[in-house]
Protein chains: 2
Amino acid sequence: MPGSSRELFHPDVADLVLTDVLSALSDPARLEITCRLAEGPLEVAACQPTGADMSKSTLSHHIKILREAGVVRNDPHGRQRYVSLRRQDLEDRFPGLLDPILRLAPGGDQL
Amino acid sequence: MPGSSRELFHPDVADLVLTDVLSALSDPARLEITCRLAEGPLEVAACQPTGADMSKSTLSHHIKILREAGVVRNDPHGRQRYVSLRRQDLEDRFPGLLDPILRLAPGGDQL
DNA sequence: CGAATGGTTCTATGTTTTTCGAACTGTTGC
DNA sequence: GCAACAGTTCGAAAAACATAGAACCATTCG
C-alpha cells in the first residue's frame with residue numbers, strides 16, 4: 001500500500017521560532033543543503049554537500065535539525081524520501097528572512 | 001592618559017562569515033542584545049537582556065561572541081565600554097540580511 | 001595613594017552538539 | 001518470501017558551548 005510510509009513530524013507554521021531557524025542555518029553543511037533545495041526538492045542522498053564526506057546518519061541528522069526548525073519538509077516517496085524547502089511557510093512566518101540568506105550564502109549567487 | 005585603554009579585536013568587514021553571524025544571532029539572549037543595540041550604543045551592563053539574570057562574565061561572553069562574529073563593536077569609553085551595532089559594516093558585507101532579522105525578532109517590532 | 005567601579009579573562013563544570021557505526025524500518029523487485 | 005535499497009533511530013565518544021565564580025586590569029574619584 002503505497003503512501004502509508006512513516007510520516008515525520010513537521011512543526012506548524014505558527015510554531016516556528018526565529019532563533020531555531022537561524023541556528024539551523026548557522027551550520028555550513030545545513031546552509032548548503034538549504035541553498036540546494038531552493039532549486040527544488042531532492043532525495044536525501046542528493047542533499048549531501050559537495051566535497052563533504054559525511055555518513056548517512058550524519059546527513060540524516062542535519063536534515064532532522066532543518067526539519068524540526070521548520071526549514072524543510074521530509075516526505076516519503078516510494079522507497080526514498082523527498083526533502084523540500086518550506087519556502088512559502090517561512091515567507092509567511094518570517095517575511096523577507098530567507099531570500100537574503102540564500103542569496104548571501106557561499107554558493108547562493110546563482111539565484 | 002585617557003583613550004589608551006585596551007582595544008579588543010574586531011574582524012575586518014571582508015572577513016565576516018555568514019554562518020558565524022547567523023550562529024551569533026541564533027541565541028535568544030544575543031539576538032535581544034543585538035535588537036537593543038539597533039537603537040544606539042549601550043554600556044555593557046545595559047545590554048543585559050530583560051528578565052534574564054546572567055552573571056557579568058556570561059554577559060561579557062555573549063558580547064564577545066557577537067564581537068568576534070562582527071556583529072558589534074566594543075570600544076573603551078572612560079571606565080566603561082560602549083557596545084555598538086556594526087550596522088553599516090554588516091550591510092556592506094551582507095546587504096539586506098540584518099534588517100529582516102531585527103524586524104522579526106521577538107521584541108523588534110518597534111522599528 | 002587607595003577604594004570603588006566596569007568589564008575582561010581564567011578555570012572549571014555541566015550541557016548540548018556533532019559525528020559515526022550498528023541496528024532497525026519500510027519499500028521495491030525478483 | 002527474500003535480498004537490496006533508502007533512510008531513520010539508537011548508542012557512544014569527542015568536541016563545542018554556556019554559565020558562573022574568582023582573579024585580574026584599567027579608570028575614576030576621594
# chains A, B, ... in the order shown; residues from 1 in each chain; ligands from 1
>>> closest_atom_pairs(of="chain B", to="segment 2-25 of chain C", cutoff="12 Å", atoms="only C-alpha atoms (C1' of nucleotides)", output="tab-separated table")
residue	atom	partner	partner_atom	distance
B:Ser5	CA	C:DG7	C1'	11.8
B:Arg6	CA	C:DT8	C1'	9.9
B:Glu7	CA	C:DT8	C1'	11.3
B:Leu8	CA	C:DT8	C1'	10.0
B:Glu43	CA	C:DG6	C1'	9.2
B:Val44	CA	C:DG7	C1'	7.8
B:Ala45	CA	C:DG6	C1'	8.2
B:Ala46	CA	C:DG6	C1'	11.3
B:Ser55	CA	C:DG7	C1'	11.7
B:Lys56	CA	C:DG7	C1'	8.0
B:Ser57	CA	C:DT8	C1'	7.9
B:Thr58	CA	C:DT8	C1'	10.8
B:Leu59	CA	C:DG7	C1'	9.9
B:Ser60	CA	C:DT8	C1'	7.3
B:His61	CA	C:DT8	C1'	9.0
B:Ile63	CA	C:DT8	C1'	11.0
B:Lys64	CA	C:DT8	C1'	9.8
B:Asn74	CA	C:DG7	C1'	10.9
B:Asp75	CA	C:DG7	C1'	11.4
B:Pro76	CA	C:DG7	C1'	9.8
B:His77	CA	C:DG6	C1'	10.4
B:Gly78	CA	C:DG6	C1'	9.6
B:Arg79	CA	C:DG6	C1'	6.2
B:Gln80	CA	C:DG6	C1'	5.2
B:Arg81	CA	C:DG7	C1'	7.7
B:Tyr82	CA	C:DG7	C1'	10.9
B:Val83	CA	C:DG7	C1'	11.8
>>> residues_around(residues="Gly70 of chain A", least_positions_apart="5", cutoff="10 Å", atoms="only C-alpha atoms (C1' of nucleotides)", output="list in words")
Phe9, His10, Pro11, Asp12, Val13, Asp15, Leu16, Val17, Leu18, Asp20, Val21, Ala24, Lys64, Ile65, Leu85, Arg86, Arg87, Asp89 and Leu90 of chain A
>>> select_by_dssp(residues="segment 10-70 of chain B", states="alpha helix (DSSP H)", output="JSON, numbers by chain")
{"B": [18, 19, 20, 21, 22, 23, 24, 25, 28, 29, 30, 31, 32, 33, 34, 35, 36, 37, 56, 57, 58, 59, 60, 61, 62, 63, 64, 65, 66, 67, 68, 69]}
>>> calpha_fit_and_write(fixed="chain A", moving="chain B", output="compact mmCIF listing (two decimals) with N, CA, C and O atoms, in the first residue's frame")
# COMPACT_ATOMS: atom_id res chain seq x y z
N MET B 1 0.86 -1.33 0.14
CA MET B 1 0.01 -0.12 0.10
C MET B 1 0.87 1.13 0.09
O MET B 1 1.36 1.59 1.14
N PRO B 2 1.07 1.68 -1.07
CA PRO B 2 1.96 2.84 -1.19
C PRO B 2 1.35 4.07 -0.54
O PRO B 2 0.14 4.23 -0.55
N GLY B 3 2.21 4.91 0.01
CA GLY B 3 1.74 6.15 0.62
C GLY B 3 1.49 6.00 2.11
O GLY B 3 1.22 6.95 2.80
N SER B 4 1.60 4.78 2.62
CA SER B 4 1.38 4.58 4.04
C SER B 4 2.69 4.63 4.83
O SER B 4 2.77 4.16 5.94
N SER B 5 3.71 5.25 4.23
CA SER B 5 5.02 5.29 4.86
C SER B 5 4.99 6.05 6.17
O SER B 5 3.99 6.64 6.55
N ARG B 6 6.08 6.05 6.79
CA ARG B 6 6.20 6.72 8.06
C ARG B 6 6.34 8.22 7.88
O ARG B 6 7.30 8.71 7.32
N GLU B 7 5.34 8.93 8.40
CA GLU B 7 5.38 10.39 8.30
C GLU B 7 6.16 10.95 9.47
O GLU B 7 5.96 10.54 10.60
N LEU B 8 7.01 11.90 9.19
CA LEU B 8 7.78 12.54 10.24
C LEU B 8 7.08 13.81 10.72
O LEU B 8 6.23 14.35 10.01
N PHE B 9 7.45 14.25 11.88
CA PHE B 9 6.82 15.44 12.44
C PHE B 9 7.33 16.71 11.77
O PHE B 9 8.53 16.88 11.54
N HIS B 10 6.37 17.59 11.46
CA HIS B 10 6.73 18.90 10.93
C HIS B 10 6.03 19.98 11.74
O HIS B 10 4.80 19.94 11.87
N PRO B 11 6.76 20.91 12.29
CA PRO B 11 6.13 21.95 13.11
C PRO B 11 5.19 22.82 12.28
O PRO B 11 5.41 23.04 11.10
N ASP B 12 4.14 23.28 12.94
CA ASP B 12 3.18 24.16 12.30
C ASP B 12 3.83 25.53 12.05
O ASP B 12 4.72 25.95 12.78
N VAL B 13 3.36 26.19 11.01
CA VAL B 13 3.94 27.49 10.65
C VAL B 13 3.96 28.45 11.84
O VAL B 13 4.95 29.13 12.09
N ALA B 14 2.86 28.48 12.56
CA ALA B 14 2.74 29.43 13.67
C ALA B 14 3.72 29.13 14.80
O ALA B 14 4.02 30.00 15.62
N ASP B 15 4.22 27.90 14.83
CA ASP B 15 5.11 27.52 15.93
C ASP B 15 6.59 27.71 15.63
O ASP B 15 7.44 27.41 16.46
N LEU B 16 6.90 28.18 14.44
CA LEU B 16 8.31 28.34 14.08
C LEU B 16 8.95 29.44 14.92
O LEU B 16 8.34 30.47 15.19
N VAL B 17 10.18 29.19 15.33
CA VAL B 17 10.90 30.12 16.20
C VAL B 17 12.11 30.67 15.45
O VAL B 17 12.89 29.90 14.87
N LEU B 18 12.25 31.98 15.47
CA LEU B 18 13.30 32.61 14.68
C LEU B 18 14.69 32.10 15.03
O LEU B 18 15.49 31.75 14.15
N THR B 19 14.99 32.03 16.32
CA THR B 19 16.33 31.59 16.72
C THR B 19 16.60 30.14 16.31
O THR B 19 17.74 29.78 16.02
N ASP B 20 15.55 29.34 16.27
CA ASP B 20 15.73 27.95 15.83
C ASP B 20 16.07 27.90 14.35
O ASP B 20 16.90 27.09 13.92
N VAL B 21 15.42 28.75 13.57
CA VAL B 21 15.71 28.81 12.14
C VAL B 21 17.14 29.30 11.92
O VAL B 21 17.90 28.70 11.15
N LEU B 22 17.51 30.35 12.62
CA LEU B 22 18.87 30.88 12.46
C LEU B 22 19.90 29.84 12.88
O LEU B 22 20.93 29.68 12.24
N SER B 23 19.61 29.14 13.97
CA SER B 23 20.52 28.12 14.45
C SER B 23 20.67 27.00 13.42
O SER B 23 21.77 26.52 13.15
N ALA B 24 19.56 26.61 12.84
CA ALA B 24 19.60 25.54 11.83
C ALA B 24 20.44 25.97 10.63
O ALA B 24 21.18 25.16 10.06
N LEU B 25 20.32 27.23 10.27
CA LEU B 25 21.04 27.72 9.08
C LEU B 25 22.47 28.15 9.39
O LEU B 25 23.22 28.51 8.47
N SER B 26 22.86 28.11 10.65
CA SER B 26 24.19 28.60 11.01
C SER B 26 25.28 27.56 10.83
O SER B 26 26.45 27.84 11.06
N ASP B 27 24.89 26.38 10.42
CA ASP B 27 25.88 25.35 10.12
C ASP B 27 26.14 25.32 8.61
O ASP B 27 25.20 25.28 7.83
N PRO B 28 27.41 25.37 8.22
CA PRO B 28 27.74 25.43 6.79
C PRO B 28 27.10 24.32 5.97
O PRO B 28 26.57 24.57 4.88
N ALA B 29 27.14 23.11 6.48
CA ALA B 29 26.55 22.00 5.73
C ALA B 29 25.05 22.19 5.56
O ALA B 29 24.50 22.01 4.48
N ARG B 30 24.40 22.59 6.63
CA ARG B 30 22.94 22.76 6.55
C ARG B 30 22.57 23.95 5.68
O ARG B 30 21.56 23.92 4.97
N LEU B 31 23.38 24.98 5.72
CA LEU B 31 23.10 26.13 4.86
C LEU B 31 23.23 25.73 3.40
O LEU B 31 22.42 26.12 2.55
N GLU B 32 24.23 24.92 3.11
CA GLU B 32 24.40 24.48 1.73
C GLU B 32 23.24 23.59 1.27
O GLU B 32 22.75 23.72 0.15
N ILE B 33 22.82 22.71 2.16
CA ILE B 33 21.67 21.87 1.84
C ILE B 33 20.46 22.75 1.52
O ILE B 33 19.76 22.54 0.53
N THR B 34 20.26 23.74 2.35
CA THR B 34 19.11 24.64 2.17
C THR B 34 19.19 25.36 0.83
O THR B 34 18.18 25.47 0.12
N CYS B 35 20.37 25.86 0.50
CA CYS B 35 20.54 26.56 -0.78
C CYS B 35 20.24 25.63 -1.94
O CYS B 35 19.59 26.01 -2.92
N ARG B 36 20.70 24.42 -1.83
CA ARG B 36 20.49 23.49 -2.92
C ARG B 36 19.00 23.19 -3.09
O ARG B 36 18.50 23.03 -4.20
N LEU B 37 18.30 23.15 -1.96
CA LEU B 37 16.87 22.85 -2.01
C LEU B 37 16.06 24.00 -2.58
O LEU B 37 14.89 23.83 -2.95
N ALA B 38 16.69 25.18 -2.65
CA ALA B 38 15.98 26.33 -3.21
C ALA B 38 15.66 26.10 -4.68
O ALA B 38 14.75 26.71 -5.24
N GLU B 39 16.39 25.21 -5.30
CA GLU B 39 16.15 24.93 -6.72
C GLU B 39 15.18 23.79 -6.95
O GLU B 39 14.87 23.45 -8.09
N GLY B 40 14.73 23.20 -5.86
CA GLY B 40 13.74 22.13 -5.99
C GLY B 40 14.01 21.00 -5.01
O GLY B 40 15.11 20.90 -4.46
N PRO B 41 13.01 20.15 -4.79
CA PRO B 41 13.15 19.04 -3.86
C PRO B 41 14.23 18.07 -4.31
O PRO B 41 14.53 17.96 -5.50
N LEU B 42 14.80 17.39 -3.35
CA LEU B 42 15.85 16.41 -3.62
C LEU B 42 15.64 15.19 -2.75
O LEU B 42 15.08 15.28 -1.66
N GLU B 43 16.14 14.07 -3.21
CA GLU B 43 16.18 12.90 -2.35
C GLU B 43 17.24 13.16 -1.29
O GLU B 43 18.14 13.97 -1.49
N VAL B 44 17.13 12.48 -0.17
CA VAL B 44 18.05 12.70 0.94
C VAL B 44 19.50 12.58 0.49
O VAL B 44 20.32 13.46 0.77
N ALA B 45 19.82 11.51 -0.20
CA ALA B 45 21.22 11.28 -0.59
C ALA B 45 21.75 12.40 -1.46
O ALA B 45 22.94 12.74 -1.39
N ALA B 46 20.89 13.02 -2.25
CA ALA B 46 21.32 14.08 -3.15
C ALA B 46 21.56 15.40 -2.42
O ALA B 46 22.09 16.34 -2.99
N CYS B 47 21.16 15.44 -1.15
CA CYS B 47 21.37 16.66 -0.36
C CYS B 47 22.81 16.78 0.11
O CYS B 47 23.24 17.85 0.54
N GLN B 48 23.52 15.70 0.07
CA GLN B 48 24.91 15.65 0.51
C GLN B 48 25.71 16.85 -0.02
O GLN B 48 25.82 17.03 -1.23
N PRO B 49 26.25 17.67 0.88
CA PRO B 49 27.04 18.82 0.45
C PRO B 49 28.25 18.39 -0.37
O PRO B 49 28.84 17.34 -0.11
N THR B 50 28.60 19.22 -1.35
CA THR B 50 29.73 18.91 -2.23
C THR B 50 31.03 18.81 -1.43
O THR B 50 31.33 19.65 -0.60
N GLY B 51 31.80 17.78 -1.73
CA GLY B 51 33.10 17.64 -1.08
C GLY B 51 33.02 17.10 0.33
O GLY B 51 33.90 16.39 0.76
N ALA B 52 31.94 17.42 1.05
CA ALA B 52 31.81 16.91 2.41
C ALA B 52 31.52 15.42 2.33
O ALA B 52 30.64 14.99 1.60
N ASP B 53 32.27 14.68 3.10
CA ASP B 53 32.11 13.24 3.07
C ASP B 53 31.50 12.81 4.39
O ASP B 53 32.20 12.36 5.29
N MET B 54 30.18 12.97 4.53
CA MET B 54 29.56 12.64 5.79
C MET B 54 28.77 11.33 5.67
O MET B 54 28.28 10.98 4.61
N SER B 55 28.69 10.65 6.80
CA SER B 55 27.94 9.39 6.82
C SER B 55 26.46 9.67 6.61
O SER B 55 26.00 10.79 6.81
N LYS B 56 25.73 8.64 6.25
CA LYS B 56 24.32 8.90 6.00
C LYS B 56 23.57 9.19 7.29
O LYS B 56 22.56 9.88 7.27
N SER B 57 24.08 8.71 8.42
CA SER B 57 23.40 9.04 9.68
C SER B 57 23.61 10.52 10.01
O SER B 57 22.72 11.17 10.54
N THR B 58 24.79 11.03 9.69
CA THR B 58 25.05 12.46 9.94
C THR B 58 24.20 13.33 9.03
O THR B 58 23.61 14.32 9.46
N LEU B 59 24.13 12.95 7.76
CA LEU B 59 23.29 13.69 6.83
C LEU B 59 21.84 13.68 7.29
O LEU B 59 21.16 14.72 7.31
N SER B 60 21.38 12.53 7.72
CA SER B 60 20.01 12.41 8.22
C SER B 60 19.80 13.31 9.43
O SER B 60 18.74 13.94 9.57
N HIS B 61 20.81 13.37 10.27
CA HIS B 61 20.74 14.22 11.45
C HIS B 61 20.59 15.70 11.07
O HIS B 61 19.74 16.40 11.62
N HIS B 62 21.37 16.15 10.12
CA HIS B 62 21.30 17.56 9.71
C HIS B 62 19.93 17.88 9.11
O HIS B 62 19.37 18.95 9.37
N ILE B 63 19.43 16.95 8.33
CA ILE B 63 18.10 17.18 7.74
C ILE B 63 17.03 17.20 8.83
O ILE B 63 16.07 17.96 8.75
N LYS B 64 17.26 16.43 9.86
CA LYS B 64 16.32 16.44 10.99
C LYS B 64 16.31 17.80 11.68
O LYS B 64 15.25 18.32 12.04
N ILE B 65 17.50 18.36 11.88
CA ILE B 65 17.59 19.69 12.50
C ILE B 65 16.83 20.72 11.67
O ILE B 65 16.06 21.52 12.18
N LEU B 66 17.05 20.67 10.36
CA LEU B 66 16.36 21.60 9.46
C LEU B 66 14.85 21.38 9.51
O LEU B 66 14.07 22.34 9.50
N ARG B 67 14.45 20.12 9.56
CA ARG B 67 13.02 19.81 9.58
C ARG B 67 12.38 20.30 10.87
O ARG B 67 11.33 20.94 10.85
N GLU B 68 13.02 20.04 11.99
CA GLU B 68 12.44 20.43 13.27
C GLU B 68 12.42 21.94 13.46
O GLU B 68 11.64 22.46 14.25
N ALA B 69 13.28 22.64 12.74
CA ALA B 69 13.26 24.10 12.80
C ALA B 69 12.21 24.66 11.84
O ALA B 69 11.92 25.85 11.85
N GLY B 70 11.68 23.79 10.99
CA GLY B 70 10.66 24.22 10.04
C GLY B 70 11.21 24.70 8.71
O GLY B 70 10.47 25.27 7.90
N VAL B 71 12.47 24.44 8.47
CA VAL B 71 13.09 24.91 7.22
C VAL B 71 12.77 23.99 6.06
O VAL B 71 12.55 24.44 4.94
N VAL B 72 12.73 22.70 6.32
CA VAL B 72 12.45 21.76 5.24
C VAL B 72 11.34 20.78 5.61
O VAL B 72 11.02 20.59 6.79
N ARG B 73 10.77 20.18 4.58
CA ARG B 73 9.88 19.05 4.75
C ARG B 73 10.65 17.80 4.36
O ARG B 73 11.63 17.87 3.62
N ASN B 74 10.18 16.66 4.88
CA ASN B 74 10.81 15.39 4.56
C ASN B 74 9.69 14.38 4.40
O ASN B 74 9.15 13.89 5.38
N ASP B 75 9.32 14.12 3.14
CA ASP B 75 8.16 13.28 2.87
C ASP B 75 8.55 12.01 2.16
O ASP B 75 9.38 12.01 1.26
N PRO B 76 7.93 10.91 2.56
CA PRO B 76 8.21 9.63 1.92
C PRO B 76 7.77 9.67 0.46
O PRO B 76 6.79 10.33 0.12
N HIS B 77 8.54 8.97 -0.36
CA HIS B 77 8.25 8.93 -1.78
C HIS B 77 8.79 7.61 -2.29
O HIS B 77 9.97 7.50 -2.63
N GLY B 78 7.92 6.64 -2.30
CA GLY B 78 8.35 5.31 -2.68
C GLY B 78 9.37 4.80 -1.69
O GLY B 78 9.19 4.93 -0.49
N ARG B 79 10.44 4.29 -2.20
CA ARG B 79 11.42 3.74 -1.27
C ARG B 79 12.39 4.81 -0.77
O ARG B 79 13.21 4.57 0.10
N GLN B 80 12.28 5.99 -1.32
CA GLN B 80 13.11 7.07 -0.80
C GLN B 80 12.27 8.18 -0.21
O GLN B 80 11.09 8.01 0.03
N ARG B 81 12.93 9.31 0.03
CA ARG B 81 12.22 10.44 0.63
C ARG B 81 12.59 11.71 -0.12
O ARG B 81 13.73 11.87 -0.55
N TYR B 82 11.63 12.61 -0.18
CA TYR B 82 11.91 13.90 -0.80
C TYR B 82 12.07 14.96 0.28
O TYR B 82 11.23 15.11 1.16
N VAL B 83 13.16 15.67 0.20
CA VAL B 83 13.37 16.79 1.10
C VAL B 83 13.08 18.05 0.30
O VAL B 83 13.56 18.20 -0.83
N SER B 84 12.27 18.94 0.88
CA SER B 84 11.91 20.16 0.15
C SER B 84 11.93 21.36 1.09
O SER B 84 11.72 21.23 2.30
N LEU B 85 12.23 22.52 0.52
CA LEU B 85 12.29 23.75 1.28
C LEU B 85 10.88 24.24 1.57
O LEU B 85 10.04 24.28 0.66
N ARG B 86 10.62 24.62 2.81
CA ARG B 86 9.29 25.16 3.16
C ARG B 86 9.29 26.66 2.90
O ARG B 86 9.11 27.47 3.80
N ARG B 87 9.49 27.00 1.66
CA ARG B 87 9.72 28.40 1.31
C ARG B 87 8.54 29.30 1.64
O ARG B 87 8.70 30.35 2.25
N GLN B 88 7.35 28.88 1.22
CA GLN B 88 6.18 29.73 1.46
C GLN B 88 5.87 29.83 2.95
O GLN B 88 5.51 30.90 3.45
N ASP B 89 6.02 28.70 3.66
CA ASP B 89 5.76 28.73 5.10
C ASP B 89 6.71 29.69 5.81
O ASP B 89 6.31 30.47 6.68
N LEU B 90 7.96 29.64 5.41
CA LEU B 90 8.94 30.54 6.02
C LEU B 90 8.63 31.99 5.67
O LEU B 90 8.78 32.89 6.50
N GLU B 91 8.20 32.19 4.43
CA GLU B 91 7.87 33.55 4.01
C GLU B 91 6.66 34.08 4.79
O GLU B 91 6.62 35.25 5.15
N ASP B 92 5.71 33.19 5.05
CA ASP B 92 4.53 33.61 5.80
C ASP B 92 4.89 33.98 7.24
O ASP B 92 4.42 34.97 7.77
N ARG B 93 5.73 33.16 7.82
CA ARG B 93 6.04 33.35 9.24
C ARG B 93 7.12 34.41 9.44
O ARG B 93 7.08 35.20 10.39
N PHE B 94 8.11 34.41 8.56
CA PHE B 94 9.24 35.34 8.67
C PHE B 94 9.48 36.05 7.34
O PHE B 94 10.49 35.79 6.67
N PRO B 95 8.58 36.96 6.98
CA PRO B 95 8.68 37.58 5.65
C PRO B 95 10.01 38.29 5.44
O PRO B 95 10.46 39.06 6.30
N GLY B 96 10.62 38.00 4.32
CA GLY B 96 11.86 38.68 3.96
C GLY B 96 13.10 38.10 4.57
O GLY B 96 14.20 38.60 4.34
N LEU B 97 12.96 37.02 5.33
CA LEU B 97 14.14 36.47 6.02
C LEU B 97 14.98 35.57 5.13
O LEU B 97 16.20 35.71 5.05
N LEU B 98 14.33 34.65 4.46
CA LEU B 98 15.06 33.59 3.77
C LEU B 98 15.83 34.07 2.53
O LEU B 98 16.99 33.69 2.33
N ASP B 99 15.19 34.89 1.74
CA ASP B 99 15.80 35.29 0.48
C ASP B 99 17.20 35.88 0.62
O ASP B 99 18.12 35.45 -0.08
N PRO B 100 17.39 36.85 1.52
CA PRO B 100 18.76 37.38 1.65
C PRO B 100 19.76 36.31 2.07
O PRO B 100 20.89 36.29 1.56
N ILE B 101 19.35 35.44 2.94
CA ILE B 101 20.27 34.39 3.40
C ILE B 101 20.68 33.49 2.24
O ILE B 101 21.85 33.20 2.06
N LEU B 102 19.69 33.07 1.46
CA LEU B 102 20.00 32.21 0.31
C LEU B 102 20.91 32.93 -0.67
O LEU B 102 21.85 32.36 -1.22
N ARG B 103 20.63 34.21 -0.87
CA ARG B 103 21.41 34.99 -1.83
C ARG B 103 22.85 35.18 -1.34
O ARG B 103 23.79 35.16 -2.15
N LEU B 104 23.02 35.35 -0.04
CA LEU B 104 24.34 35.66 0.50
C LEU B 104 25.16 34.43 0.83
O LEU B 104 26.37 34.53 1.07
N ALA B 105 24.54 33.27 0.84
CA ALA B 105 25.27 32.06 1.17
C ALA B 105 26.34 31.78 0.12
O ALA B 105 26.16 32.12 -1.06
N PRO B 106 27.45 31.18 0.55
CA PRO B 106 28.61 30.93 -0.31
C PRO B 106 28.27 30.52 -1.74
O PRO B 106 28.83 31.07 -2.67
N GLY B 107 27.37 29.58 -1.94
CA GLY B 107 27.08 29.15 -3.31
C GLY B 107 25.73 29.64 -3.81
O GLY B 107 25.19 29.10 -4.75
N GLY B 108 25.21 30.70 -3.17
CA GLY B 108 23.86 31.13 -3.49
C GLY B 108 23.78 32.29 -4.47
O GLY B 108 22.81 33.01 -4.49
N ASP B 109 24.81 32.45 -5.29
CA ASP B 109 24.83 33.60 -6.19
C ASP B 109 24.24 33.28 -7.56
O ASP B 109 24.29 34.09 -8.47
N GLN B 110 23.69 32.09 -7.72
CA GLN B 110 23.08 31.75 -9.01
C GLN B 110 21.56 31.85 -8.93
O GLN B 110 20.85 31.13 -9.58
N LEU B 111 21.09 32.76 -8.08
CA LEU B 111 19.65 32.88 -7.89
C LEU B 111 19.10 34.04 -8.72
O LEU B 111 19.35 35.18 -8.41
>>> residues_around(residues="DA3 of chain D", least_positions_apart="3", cutoff="12 Å", atoms="only C-alpha atoms (C1' of nucleotides)", output="count of residues only")
3
>>> closest_atom_pairs(of="chain D", to="chain A", cutoff="10 Å", atoms="only C-alpha atoms (C1' of nucleotides)", output="JSON lines")
{"residue": "D:DC5", "atom": "C1'", "partner": "A:Arg79", "partner_atom": "CA", "distance": 7.7}
{"residue": "D:DA6", "atom": "C1'", "partner": "A:Gln80", "partner_atom": "CA", "distance": 5.0}
{"residue": "D:DG7", "atom": "C1'", "partner": "A:Gln80", "partner_atom": "CA", "distance": 7.2}
{"residue": "D:DT8", "atom": "C1'", "partner": "A:Ser60", "partner_atom": "CA", "distance": 7.3}
{"residue": "D:DT9", "atom": "C1'", "partner": "A:Ser57", "partner_atom": "CA", "distance": 9.0}
>>> select_by_dssp(residues="chain B", states="strand (DSSP E)", output="VMD selection string")
chain B and resid 42 to 43 72 to 77 80 to 85
